[in-house]
>>> print(open('protein_38.pdb').read())   # PDB, C-alpha atoms and all ligand atoms
ATOM      1  CA  MET A   1       4.898  85.170 -18.794  1.00  0.00           C
ATOM      2  CA  ASN A   2       6.602  81.775 -18.687  1.00  0.00           C
ATOM      3  CA  THR A   3       4.043  79.183 -17.521  1.00  0.00           C
ATOM      4  CA  THR A   4       6.262  76.098 -17.892  1.00  0.00           C
ATOM      5  CA  THR A   5       7.325  74.656 -14.559  1.00  0.00           C
ATOM      6  CA  LYS A   6      10.843  73.420 -14.199  1.00  0.00           C
ATOM      7  CA  GLU A   7      11.418  69.716 -13.419  1.00  0.00           C
ATOM      8  CA  ILE A   8      14.414  68.969 -11.268  1.00  0.00           C
ATOM      9  CA  LYS A   9      16.214  65.724 -10.517  1.00  0.00           C
ATOM     10  CA  VAL A  10      15.497  64.442  -6.995  1.00  0.00           C
ATOM     11  CA  TRP A  11      15.971  60.635  -7.012  1.00  0.00           C
ATOM     12  CA  ASP A  12      19.020  59.300  -8.828  1.00  0.00           C
ATOM     13  CA  LEU A  13      18.935  56.066 -10.845  1.00  0.00           C
ATOM     14  CA  LEU A  14      20.401  53.983  -8.021  1.00  0.00           C
ATOM     15  CA  VAL A  15      17.687  55.075  -5.539  1.00  0.00           C
ATOM     16  CA  ARG A  16      14.937  54.291  -8.072  1.00  0.00           C
ATOM     17  CA  LEU A  17      16.368  50.892  -9.035  1.00  0.00           C
ATOM     18  CA  PHE A  18      16.915  50.144  -5.331  1.00  0.00           C
ATOM     19  CA  HIS A  19      13.323  51.073  -4.476  1.00  0.00           C
ATOM     20  CA  TRP A  20      11.494  49.085  -7.128  1.00  0.00           C
ATOM     21  CA  SER A  21      13.845  46.075  -6.847  1.00  0.00           C
ATOM     22  CA  LEU A  22      13.247  46.111  -3.074  1.00  0.00           C
ATOM     23  CA  VAL A  23       9.461  46.211  -3.602  1.00  0.00           C
ATOM     24  CA  MET A  24       9.634  43.198  -5.954  1.00  0.00           C
ATOM     25  CA  ALA A  25      12.074  41.226  -3.763  1.00  0.00           C
ATOM     26  CA  PHE A  26       9.950  41.839  -0.651  1.00  0.00           C
ATOM     27  CA  ILE A  27       6.750  40.696  -2.394  1.00  0.00           C
ATOM     28  CA  ILE A  28       8.500  37.538  -3.684  1.00  0.00           C
ATOM     29  CA  ALA A  29      10.072  36.800  -0.261  1.00  0.00           C
ATOM     30  CA  TYR A  30       6.774  37.315   1.582  1.00  0.00           C
ATOM     31  CA  ALA A  31       4.728  35.258  -0.890  1.00  0.00           C
ATOM     32  CA  SER A  32       7.208  32.357  -1.033  1.00  0.00           C
ATOM     33  CA  GLU A  33       7.868  31.894   2.696  1.00  0.00           C
ATOM     34  CA  ASP A  34       5.774  28.772   3.238  1.00  0.00           C
ATOM     35  CA  ASP A  35       6.299  26.539   0.234  1.00  0.00           C
ATOM     36  CA  PHE A  36       9.203  27.813  -1.864  1.00  0.00           C
ATOM     37  CA  MET A  37      12.221  28.010   0.470  1.00  0.00           C
ATOM     38  CA  LEU A  38      14.795  28.267  -2.325  1.00  0.00           C
ATOM     39  CA  ILE A  39      13.030  31.247  -3.935  1.00  0.00           C
ATOM     40  CA  HIS A  40      12.462  32.713  -0.453  1.00  0.00           C
ATOM     41  CA  SER A  41      16.168  32.520   0.417  1.00  0.00           C
ATOM     42  CA  TYR A  42      17.281  34.014  -2.931  1.00  0.00           C
ATOM     43  CA  ALA A  43      14.840  36.913  -2.516  1.00  0.00           C
ATOM     44  CA  GLY A  44      16.269  37.376   1.008  1.00  0.00           C
ATOM     45  CA  TYR A  45      19.850  37.477  -0.323  1.00  0.00           C
ATOM     46  CA  ILE A  46      18.794  40.067  -2.916  1.00  0.00           C
ATOM     47  CA  ILE A  47      17.272  42.199  -0.124  1.00  0.00           C
ATOM     48  CA  ILE A  48      20.526  41.933   1.903  1.00  0.00           C
ATOM     49  CA  GLY A  49      22.527  43.035  -1.168  1.00  0.00           C
ATOM     50  CA  LEU A  50      20.145  45.948  -1.811  1.00  0.00           C
ATOM     51  CA  LEU A  51      20.328  47.065   1.835  1.00  0.00           C
ATOM     52  CA  LEU A  52      24.139  47.011   1.802  1.00  0.00           C
ATOM     53  CA  ILE A  53      24.267  49.053  -1.422  1.00  0.00           C
ATOM     54  CA  ARG A  54      21.721  51.547  -0.026  1.00  0.00           C
ATOM     55  CA  LEU A  55      23.690  51.836   3.232  1.00  0.00           C
ATOM     56  CA  ILE A  56      26.832  52.859   1.337  1.00  0.00           C
ATOM     57  CA  TRP A  57      24.818  55.165  -0.975  1.00  0.00           C
ATOM     58  CA  GLY A  58      23.366  56.874   2.092  1.00  0.00           C
ATOM     59  CA  PHE A  59      26.863  58.245   2.774  1.00  0.00           C
ATOM     60  CA  ILE A  60      28.308  58.823  -0.698  1.00  0.00           C
ATOM     61  CA  GLY A  61      25.183  59.189  -2.902  1.00  0.00           C
ATOM     62  CA  THR A  62      23.521  62.235  -4.442  1.00  0.00           C
ATOM     63  CA  LYS A  63      22.035  65.017  -2.257  1.00  0.00           C
ATOM     64  CA  HIS A  64      18.571  63.592  -1.475  1.00  0.00           C
ATOM     65  CA  ALA A  65      19.849  59.999  -1.231  1.00  0.00           C
ATOM     66  CA  ARG A  66      22.114  60.843   1.708  1.00  0.00           C
ATOM     67  CA  PHE A  67      21.024  60.017   5.255  1.00  0.00           C
ATOM     68  CA  SER A  68      22.173  63.498   6.300  1.00  0.00           C
ATOM     69  CA  ASP A  69      19.498  64.943   3.978  1.00  0.00           C
ATOM     70  CA  PHE A  70      16.565  63.178   5.636  1.00  0.00           C
ATOM     71  CA  ILE A  71      17.415  61.955   9.145  1.00  0.00           C
ATOM     72  CA  ARG A  72      15.710  64.441  11.447  1.00  0.00           C
ATOM     73  CA  PRO A  73      14.901  64.382  15.194  1.00  0.00           C
ATOM     74  CA  PRO A  74      11.601  62.535  15.946  1.00  0.00           C
ATOM     75  CA  ARG A  75      10.192  65.864  17.254  1.00  0.00           C
ATOM     76  CA  GLU A  76      10.467  67.355  13.752  1.00  0.00           C
ATOM     77  CA  ALA A  77       8.666  64.307  12.336  1.00  0.00           C
ATOM     78  CA  LEU A  78       5.889  64.775  14.911  1.00  0.00           C
ATOM     79  CA  ASN A  79       5.565  68.484  14.085  1.00  0.00           C
ATOM     80  CA  TYR A  80       5.419  67.599  10.401  1.00  0.00           C
ATOM     81  CA  ILE A  81       2.550  65.147  11.041  1.00  0.00           C
ATOM     82  CA  LYS A  82       0.695  67.809  13.085  1.00  0.00           C
ATOM     83  CA  ASP A  83       1.216  70.359  10.266  1.00  0.00           C
ATOM     84  CA  THR A  84      -0.084  67.806   7.737  1.00  0.00           C
ATOM     85  CA  ALA A  85      -3.263  67.360   9.819  1.00  0.00           C
ATOM     86  CA  ARG A  86      -3.736  71.165   9.689  1.00  0.00           C
ATOM     87  CA  PHE A  87      -3.065  71.205   5.906  1.00  0.00           C
ATOM     88  CA  LYS A  88      -0.075  73.495   6.340  1.00  0.00           C
ATOM     89  CA  ALA A  89       2.868  71.110   6.067  1.00  0.00           C
ATOM     90  CA  LYS A  90       5.910  72.478   4.259  1.00  0.00           C
ATOM     91  CA  ARG A  91       6.842  70.813   0.974  1.00  0.00           C
ATOM     92  CA  TYR A  92      10.172  68.982   0.822  1.00  0.00           C
ATOM     93  CA  LEU A  93      11.936  68.003  -2.395  1.00  0.00           C
ATOM     94  CA  GLY A  94      13.560  64.966  -0.765  1.00  0.00           C
ATOM     95  CA  HIS A  95      11.975  62.991   2.086  1.00  0.00           C
ATOM     96  CA  ASN A  96       9.957  65.031   4.578  1.00  0.00           C
ATOM     97  CA  PRO A  97      10.911  64.523   8.292  1.00  0.00           C
ATOM     98  CA  ALA A  98       8.153  61.909   8.885  1.00  0.00           C
ATOM     99  CA  GLY A  99       8.919  60.118   5.612  1.00  0.00           C
ATOM    100  CA  GLY A 100      12.632  60.107   6.446  1.00  0.00           C
ATOM    101  CA  LEU A 101      11.982  58.518   9.822  1.00  0.00           C
ATOM    102  CA  MET A 102       9.810  55.888   8.143  1.00  0.00           C
ATOM    103  CA  ILE A 103      12.598  55.106   5.634  1.00  0.00           C
ATOM    104  CA  ILE A 104      15.015  54.471   8.515  1.00  0.00           C
ATOM    105  CA  ALA A 105      12.411  52.300  10.292  1.00  0.00           C
ATOM    106  CA  LEU A 106      11.899  50.309   7.068  1.00  0.00           C
ATOM    107  CA  LEU A 107      15.635  49.818   6.518  1.00  0.00           C
ATOM    108  CA  VAL A 108      16.210  48.725  10.151  1.00  0.00           C
ATOM    109  CA  SER A 109      13.200  46.395  10.170  1.00  0.00           C
ATOM    110  CA  LEU A 110      14.210  44.857   6.827  1.00  0.00           C
ATOM    111  CA  SER A 111      17.769  44.352   8.148  1.00  0.00           C
ATOM    112  CA  LEU A 112      16.487  42.591  11.281  1.00  0.00           C
ATOM    113  CA  THR A 113      14.144  40.463   9.158  1.00  0.00           C
ATOM    114  CA  THR A 114      16.921  39.310   6.838  1.00  0.00           C
ATOM    115  CA  LEU A 115      19.475  38.757   9.634  1.00  0.00           C
ATOM    116  CA  THR A 116      17.103  36.595  11.667  1.00  0.00           C
ATOM    117  CA  GLY A 117      16.176  34.792   8.436  1.00  0.00           C
ATOM    118  CA  LEU A 118      19.862  34.048   7.829  1.00  0.00           C
ATOM    119  CA  GLY A 119      20.050  32.780  11.425  1.00  0.00           C
ATOM    120  CA  ALA A 120      17.057  30.457  11.022  1.00  0.00           C
ATOM    121  CA  TYR A 121      18.525  29.183   7.732  1.00  0.00           C
ATOM    122  CA  GLY A 122      21.939  28.684   9.366  1.00  0.00           C
ATOM    123  CA  ILE A 123      20.507  26.516  12.145  1.00  0.00           C
ATOM    124  CA  GLU A 124      19.008  24.279   9.461  1.00  0.00           C
ATOM    125  CA  GLY A 125      22.564  23.852   8.137  1.00  0.00           C
ATOM    126  CA  SER A 126      22.100  26.126   5.097  1.00  0.00           C
ATOM    127  CA  GLY A 127      23.482  29.508   4.074  1.00  0.00           C
ATOM    128  CA  PRO A 128      26.614  31.410   5.154  1.00  0.00           C
ATOM    129  CA  LEU A 129      25.953  31.054   8.919  1.00  0.00           C
ATOM    130  CA  ALA A 130      25.533  27.253   8.822  1.00  0.00           C
ATOM    131  CA  GLY A 131      29.047  26.600  10.194  1.00  0.00           C
ATOM    132  CA  TRP A 132      28.424  28.744  13.289  1.00  0.00           C
ATOM    133  CA  LEU A 133      24.794  28.006  14.075  1.00  0.00           C
ATOM    134  CA  SER A 134      24.032  24.448  13.012  1.00  0.00           C
ATOM    135  CA  ASP A 135      24.489  23.043  16.567  1.00  0.00           C
ATOM    136  CA  MET A 136      22.119  25.503  18.309  1.00  0.00           C
ATOM    137  CA  GLY A 137      19.317  22.987  18.498  1.00  0.00           C
ATOM    138  CA  HIS A 138      15.534  23.199  18.509  1.00  0.00           C
ATOM    139  CA  PHE A 139      15.196  26.166  20.899  1.00  0.00           C
ATOM    140  CA  GLY A 140      17.573  28.335  18.833  1.00  0.00           C
ATOM    141  CA  LYS A 141      15.709  27.430  15.639  1.00  0.00           C
ATOM    142  CA  GLU A 142      12.345  28.388  17.177  1.00  0.00           C
ATOM    143  CA  ALA A 143      13.737  31.676  18.514  1.00  0.00           C
ATOM    144  CA  PHE A 144      15.184  32.724  15.139  1.00  0.00           C
ATOM    145  CA  GLU A 145      12.053  31.645  13.243  1.00  0.00           C
ATOM    146  CA  GLU A 146       9.671  33.479  15.592  1.00  0.00           C
ATOM    147  CA  THR A 147      11.752  36.675  15.546  1.00  0.00           C
ATOM    148  CA  HIS A 148      12.093  36.452  11.759  1.00  0.00           C
ATOM    149  CA  GLU A 149       8.333  36.128  11.360  1.00  0.00           C
ATOM    150  CA  PHE A 150       7.694  38.989  13.791  1.00  0.00           C
ATOM    151  CA  PHE A 151       9.974  41.416  11.892  1.00  0.00           C
ATOM    152  CA  ALA A 152       8.615  40.310   8.489  1.00  0.00           C
ATOM    153  CA  ASN A 153       5.093  41.188   9.665  1.00  0.00           C
ATOM    154  CA  PHE A 154       6.289  44.379  11.367  1.00  0.00           C
ATOM    155  CA  THR A 155       7.936  45.395   8.053  1.00  0.00           C
ATOM    156  CA  LEU A 156       4.632  44.736   6.287  1.00  0.00           C
ATOM    157  CA  PHE A 157       2.877  46.987   8.819  1.00  0.00           C
ATOM    158  CA  LEU A 158       5.483  49.735   8.168  1.00  0.00           C
ATOM    159  CA  ILE A 159       4.995  49.328   4.395  1.00  0.00           C
ATOM    160  CA  VAL A 160       1.239  49.897   4.730  1.00  0.00           C
ATOM    161  CA  ALA A 161       1.933  53.069   6.758  1.00  0.00           C
ATOM    162  CA  HIS A 162       4.643  54.091   4.227  1.00  0.00           C
ATOM    163  CA  VAL A 163       2.301  53.764   1.245  1.00  0.00           C
ATOM    164  CA  ALA A 164      -0.454  55.628   3.169  1.00  0.00           C
ATOM    165  CA  GLY A 165       2.070  58.404   3.913  1.00  0.00           C
ATOM    166  CA  VAL A 166       3.046  58.584   0.227  1.00  0.00           C
ATOM    167  CA  ILE A 167      -0.618  58.895  -0.809  1.00  0.00           C
ATOM    168  CA  LEU A 168      -1.307  61.543   1.876  1.00  0.00           C
ATOM    169  CA  GLY A 169       1.841  63.491   0.931  1.00  0.00           C
ATOM    170  CA  SER A 170       0.865  63.377  -2.750  1.00  0.00           C
ATOM    171  CA  ILE A 171      -2.640  64.680  -2.015  1.00  0.00           C
ATOM    172  CA  SER A 172      -1.601  67.410   0.415  1.00  0.00           C
ATOM    173  CA  HIS A 173       1.020  68.859  -1.946  1.00  0.00           C
ATOM    174  CA  GLY A 174      -0.826  68.170  -5.196  1.00  0.00           C
ATOM    175  CA  GLU A 175       2.031  66.122  -6.665  1.00  0.00           C
ATOM    176  CA  ASN A 176       2.491  62.525  -7.734  1.00  0.00           C
ATOM    177  CA  LEU A 177       5.231  61.101  -5.486  1.00  0.00           C
ATOM    178  CA  VAL A 178       4.948  57.609  -6.992  1.00  0.00           C
ATOM    179  CA  ARG A 179       5.584  59.010 -10.472  1.00  0.00           C
ATOM    180  CA  ALA A 180       8.634  60.840  -9.078  1.00  0.00           C
ATOM    181  CA  MET A 181      10.017  57.525  -7.774  1.00  0.00           C
ATOM    182  CA  PHE A 182       9.844  56.255 -11.398  1.00  0.00           C
ATOM    183  CA  THR A 183      11.050  59.333 -13.288  1.00  0.00           C
ATOM    184  CA  GLY A 184      13.366  60.712 -10.585  1.00  0.00           C
ATOM    185  CA  THR A 185      12.095  64.252 -11.112  1.00  0.00           C
ATOM    186  CA  LYS A 186       9.775  66.651  -9.260  1.00  0.00           C
ATOM    187  CA  GLN A 187       8.577  70.144 -10.055  1.00  0.00           C
ATOM    188  CA  ALA A 188      10.781  72.889  -8.672  1.00  0.00           C
ATOM    189  CA  ASP A 189       9.233  75.007  -5.878  1.00  0.00           C
TER
HETATM  190  C1  LIG B 201       3.606  49.811  -4.262  1.00  0.00           C
HETATM  191  C2  LIG B 201       4.064  50.130  -3.077  1.00  0.00           C
HETATM  192  C3  LIG B 201       4.989  51.304  -2.838  1.00  0.00           C
HETATM  193  C4  LIG B 201       4.911  52.579  -3.285  1.00  0.00           C
HETATM  194  C5  LIG B 201       3.834  53.177  -4.164  1.00  0.00           C
HETATM  195  C6  LIG B 201       6.037  53.298  -2.740  1.00  0.00           C
HETATM  196  C7  LIG B 201       6.349  54.608  -2.998  1.00  0.00           C
HETATM  197  C8  LIG B 201       7.449  55.283  -2.523  1.00  0.00           C
HETATM  198  C9  LIG B 201       7.742  56.667  -2.771  1.00  0.00           C
HETATM  199  C10 LIG B 201       6.900  57.599  -3.613  1.00  0.00           C
HETATM  200  C11 LIG B 201       8.883  56.972  -2.126  1.00  0.00           C
HETATM  201  C12 LIG B 201       9.519  58.349  -2.052  1.00  0.00           C
HETATM  202  C13 LIG B 201       8.877  59.052  -0.891  1.00  0.00           C
HETATM  203  C14 LIG B 201       9.106  60.529  -0.937  1.00  0.00           C
HETATM  204  O1  LIG B 201       8.813  61.123  -1.978  1.00  0.00           O
HETATM  205  O2  LIG B 201       9.586  61.078   0.078  1.00  0.00           O
HETATM  206  C15 LIG B 201       9.354  55.771  -1.479  1.00  0.00           C
HETATM  207  C16 LIG B 201      10.534  55.643  -0.763  1.00  0.00           C
HETATM  208  C17 LIG B 201      10.956  54.480  -0.182  1.00  0.00           C
HETATM  209  N1  LIG B 201      10.240  53.307  -0.099  1.00  0.00           N
HETATM  210 FE1  LIG B 201       8.511  52.903  -1.006  1.00  0.00          FE
HETATM  211  N2  LIG B 201       6.768  52.447  -1.977  1.00  0.00           N
HETATM  212  C18 LIG B 201       6.158  51.221  -2.017  1.00  0.00           C
HETATM  213  C19 LIG B 201       6.555  50.072  -1.388  1.00  0.00           C
HETATM  214  C20 LIG B 201       7.697  49.970  -0.646  1.00  0.00           C
HETATM  215  C21 LIG B 201       8.146  48.738  -0.046  1.00  0.00           C
HETATM  216  C22 LIG B 201       7.422  47.391  -0.205  1.00  0.00           C
HETATM  217  C23 LIG B 201       9.291  49.032   0.600  1.00  0.00           C
HETATM  218  C24 LIG B 201      10.148  48.120   1.402  1.00  0.00           C
HETATM  219  C25 LIG B 201      10.181  46.826   1.256  1.00  0.00           C
HETATM  220  C26 LIG B 201       9.571  50.434   0.408  1.00  0.00           C
HETATM  221  C27 LIG B 201      10.653  51.099   0.903  1.00  0.00           C
HETATM  222  C28 LIG B 201      11.008  52.387   0.601  1.00  0.00           C
HETATM  223  C29 LIG B 201      12.281  52.982   0.935  1.00  0.00           C
HETATM  224  C30 LIG B 201      13.411  52.303   1.705  1.00  0.00           C
HETATM  225  C31 LIG B 201      12.243  54.277   0.428  1.00  0.00           C
HETATM  226  C32 LIG B 201      13.380  55.284   0.473  1.00  0.00           C
HETATM  227  C33 LIG B 201      14.066  55.259  -0.875  1.00  0.00           C
HETATM  228  C34 LIG B 201      15.441  55.784  -0.751  1.00  0.00           C
HETATM  229  O3  LIG B 201      15.649  56.902  -0.268  1.00  0.00           O
HETATM  230  O4  LIG B 201      16.347  55.029  -1.135  1.00  0.00           O
HETATM  231  N3  LIG B 201       8.577  50.978  -0.370  1.00  0.00           N
HETATM  232  N4  LIG B 201       8.437  54.774  -1.714  1.00  0.00           N
END
>>> encode(input="protein_38.pdb", output="structure tokens")
Amino acid sequence: MNTTTKEIKVWDLLVRLFHWSLVMAFIIAYASEDDFMLIHSYAGYIIIGLLLIRLIWGFIGTKHARFSDFIRPPREALNYIKDTARFKAKRYLGHNPAGGLMIIALLVSLSLTTLTGLGAYGIEGSGPLAGWLSDMGHFGKEAFEETHEFFANFTLFLIVAHVAGVILGSISHGENLVRAMFTGTKQAD
């Protein structure tokens, strides 16, 4: 009998580089927000670049990188969470329906964080939006800054839930999902 289990490719190189670069850029952006504005803005630009690349890859990338592979109706995500609580959730090679929904929430929240950050920077007369926004005055500056801060903290909240979901998914299916995000491979069903 053949006891070796077959490893199959799930996450391509672009998805893995995107993921771990995003993790590093987010940590740097979050940690530098008070005292290191130059570093903060560069980390923000890197996040914008990563999001744009991932957006395109979501349409033309490999099977499990495509949005069509993991965007499911919220009802399916809810059923998946209920099944997980009953220890009978189905295993998915790509993102499960709840994980997929979380990925979209993370991408949207990160986009809103960076866009409002660009706005706040523009009002101060810096960055690509400076020409359009620099005369918006104190109220505009406050509004962009507050919204930027809100979405940065909301993203952090989503990240905590995301990492908890990854740990729970790893335990309930007896597989190391973090390792898979490094190696790109998972065991075949
Ligand atoms: C150390 C902390 C983190 C760990 C261990 C982790 C782990 C993972 C794992 C294992 C997956 C694949 C999930 C699956 O198998 O379905 C994933 C996907 C993802 N994670 Fe994280 N993550 C971390 C932090 C973050 C942060 C900070 C962000 C956002 C700033 C993030 C955003 C994402 C996104 C967008 C995906 C989808 C990847 C794609 O399809 O391109 N993660 N993460």
>>> residues_near_ligand(input="protein_38.pdb", ligand="ligand LIG 201 (chain B)", cutoff="7 Å", atoms="all atoms listed in the file", output="PyMOL selection string")
chain A and resi 15+18-19+22-23+26+54+65+94-96+99+103+106-107+159+162-163+166+177-178+180-181
>>> closest_residue(input="protein_38.pdb", among="A:Lys82, A:His173, A:His148, A:His138", to="Ser109 (chain A)", atoms="only C-alpha atoms")
A:His148
>>> atom_distance(input="protein_38.pdb", atom1="CA of Pro73 (chain A)", atom2="CA of Ser172 (chain A)")
22.4 Å
>>> resolve_selection(input="protein_38.pdb", expression="the PyMOL selection byres (((chain A and resi 64) around 10) and not hetatm)", output="list in words")
Lys9, Val10, Trp11, Asp12, Val15, Gly58, Gly61, Thr62, Lys63, Ala65, Arg66, Phe67, Ser68, Asp69, Phe70, Leu93, Gly94 and His95 of chain A
>>> write_last_selection(input="protein_38.pdb", atoms="C-alpha atoms", output="compact mmCIF listing (two decimals), keeping the file's coordinate frame")
# COMPACT_ATOMS: atom_id res chain seq x y z
CA LYS A 9 16.21 65.72 -10.52
CA VAL A 10 15.50 64.44 -7.00
CA TRP A 11 15.97 60.64 -7.01
CA ASP A 12 19.02 59.30 -8.83
CA VAL A 15 17.69 55.08 -5.54
CA GLY A 58 23.37 56.87 2.09
CA GLY A 61 25.18 59.19 -2.90
CA THR A 62 23.52 62.24 -4.44
CA LYS A 63 22.04 65.02 -2.26
CA ALA A 65 19.85 60.00 -1.23
CA ARG A 66 22.11 60.84 1.71
CA PHE A 67 21.02 60.02 5.26
CA SER A 68 22.17 63.50 6.30
CA ASP A 69 19.50 64.94 3.98
CA PHE A 70 16.57 63.18 5.64
CA LEU A 93 11.94 68.00 -2.40
CA GLY A 94 13.56 64.97 -0.76
CA HIS A 95 11.98 62.99 2.09
>>> atom_distance(input="protein_38.pdb", atom1="CA of Glu146 (chain A)", atom2="CA of Thr113 (chain A)")
10.5 Å
>>> decode(input="protein_38.pdb", residues="region 47-63 of chain A", atoms="N, CA and C atoms", output="short mmCIF file (atom, residue, chain, number, x, y, z; two decimals), in the first residue's frame")
data_model
loop_
_atom_site.label_atom_id
_atom_site.label_comp_id
_atom_site.auth_asym_id
_atom_site.auth_seq_id
_atom_site.Cartn_x
_atom_site.Cartn_y
_atom_site.Cartn_z
N ILE A 47 1.47 49.16 0.24
CA ILE A 47 0.19 48.46 0.40
C ILE A 47 -0.72 48.74 -0.81
N ILE A 48 -0.76 50.00 -1.26
CA ILE A 48 -1.60 50.33 -2.44
C ILE A 48 -1.13 49.52 -3.65
N GLY A 49 0.19 49.47 -3.86
CA GLY A 49 0.73 48.70 -4.99
C GLY A 49 0.35 47.23 -4.88
N LEU A 50 0.50 46.66 -3.67
CA LEU A 50 0.17 45.25 -3.46
C LEU A 50 -1.31 44.98 -3.73
N LEU A 51 -2.16 45.90 -3.26
CA LEU A 51 -3.61 45.72 -3.46
C LEU A 51 -3.97 45.76 -4.95
N LEU A 52 -3.32 46.67 -5.69
CA LEU A 52 -3.61 46.76 -7.13
C LEU A 52 -3.19 45.48 -7.84
N ILE A 53 -1.99 44.98 -7.48
CA ILE A 53 -1.50 43.74 -8.12
C ILE A 53 -2.45 42.59 -7.79
N ARG A 54 -2.88 42.53 -6.49
CA ARG A 54 -3.75 41.41 -6.08
C ARG A 54 -5.13 41.49 -6.75
N LEU A 55 -5.59 42.74 -6.98
CA LEU A 55 -6.87 42.94 -7.66
C LEU A 55 -6.81 42.34 -9.07
N ILE A 56 -5.74 42.65 -9.79
CA ILE A 56 -5.60 42.13 -11.16
C ILE A 56 -5.47 40.60 -11.11
N TRP A 57 -4.64 40.11 -10.14
CA TRP A 57 -4.39 38.66 -10.03
C TRP A 57 -5.68 37.89 -9.68
N GLY A 58 -6.59 38.58 -9.02
CA GLY A 58 -7.87 37.96 -8.67
C GLY A 58 -8.70 37.62 -9.89
N PHE A 59 -8.37 38.24 -11.04
CA PHE A 59 -9.10 37.93 -12.28
C PHE A 59 -8.30 37.05 -13.23
N ILE A 60 -6.96 37.20 -13.22
CA ILE A 60 -6.18 36.46 -14.23
C ILE A 60 -5.23 35.43 -13.60
N GLY A 61 -5.24 35.32 -12.25
CA GLY A 61 -4.27 34.46 -11.56
C GLY A 61 -4.60 32.97 -11.64
N THR A 62 -3.86 32.18 -10.87
CA THR A 62 -4.07 30.73 -10.86
C THR A 62 -5.39 30.41 -10.14
N LYS A 63 -5.83 29.14 -10.26
CA LYS A 63 -7.18 28.73 -9.82
C LYS A 63 -7.60 29.29 -8.46
#
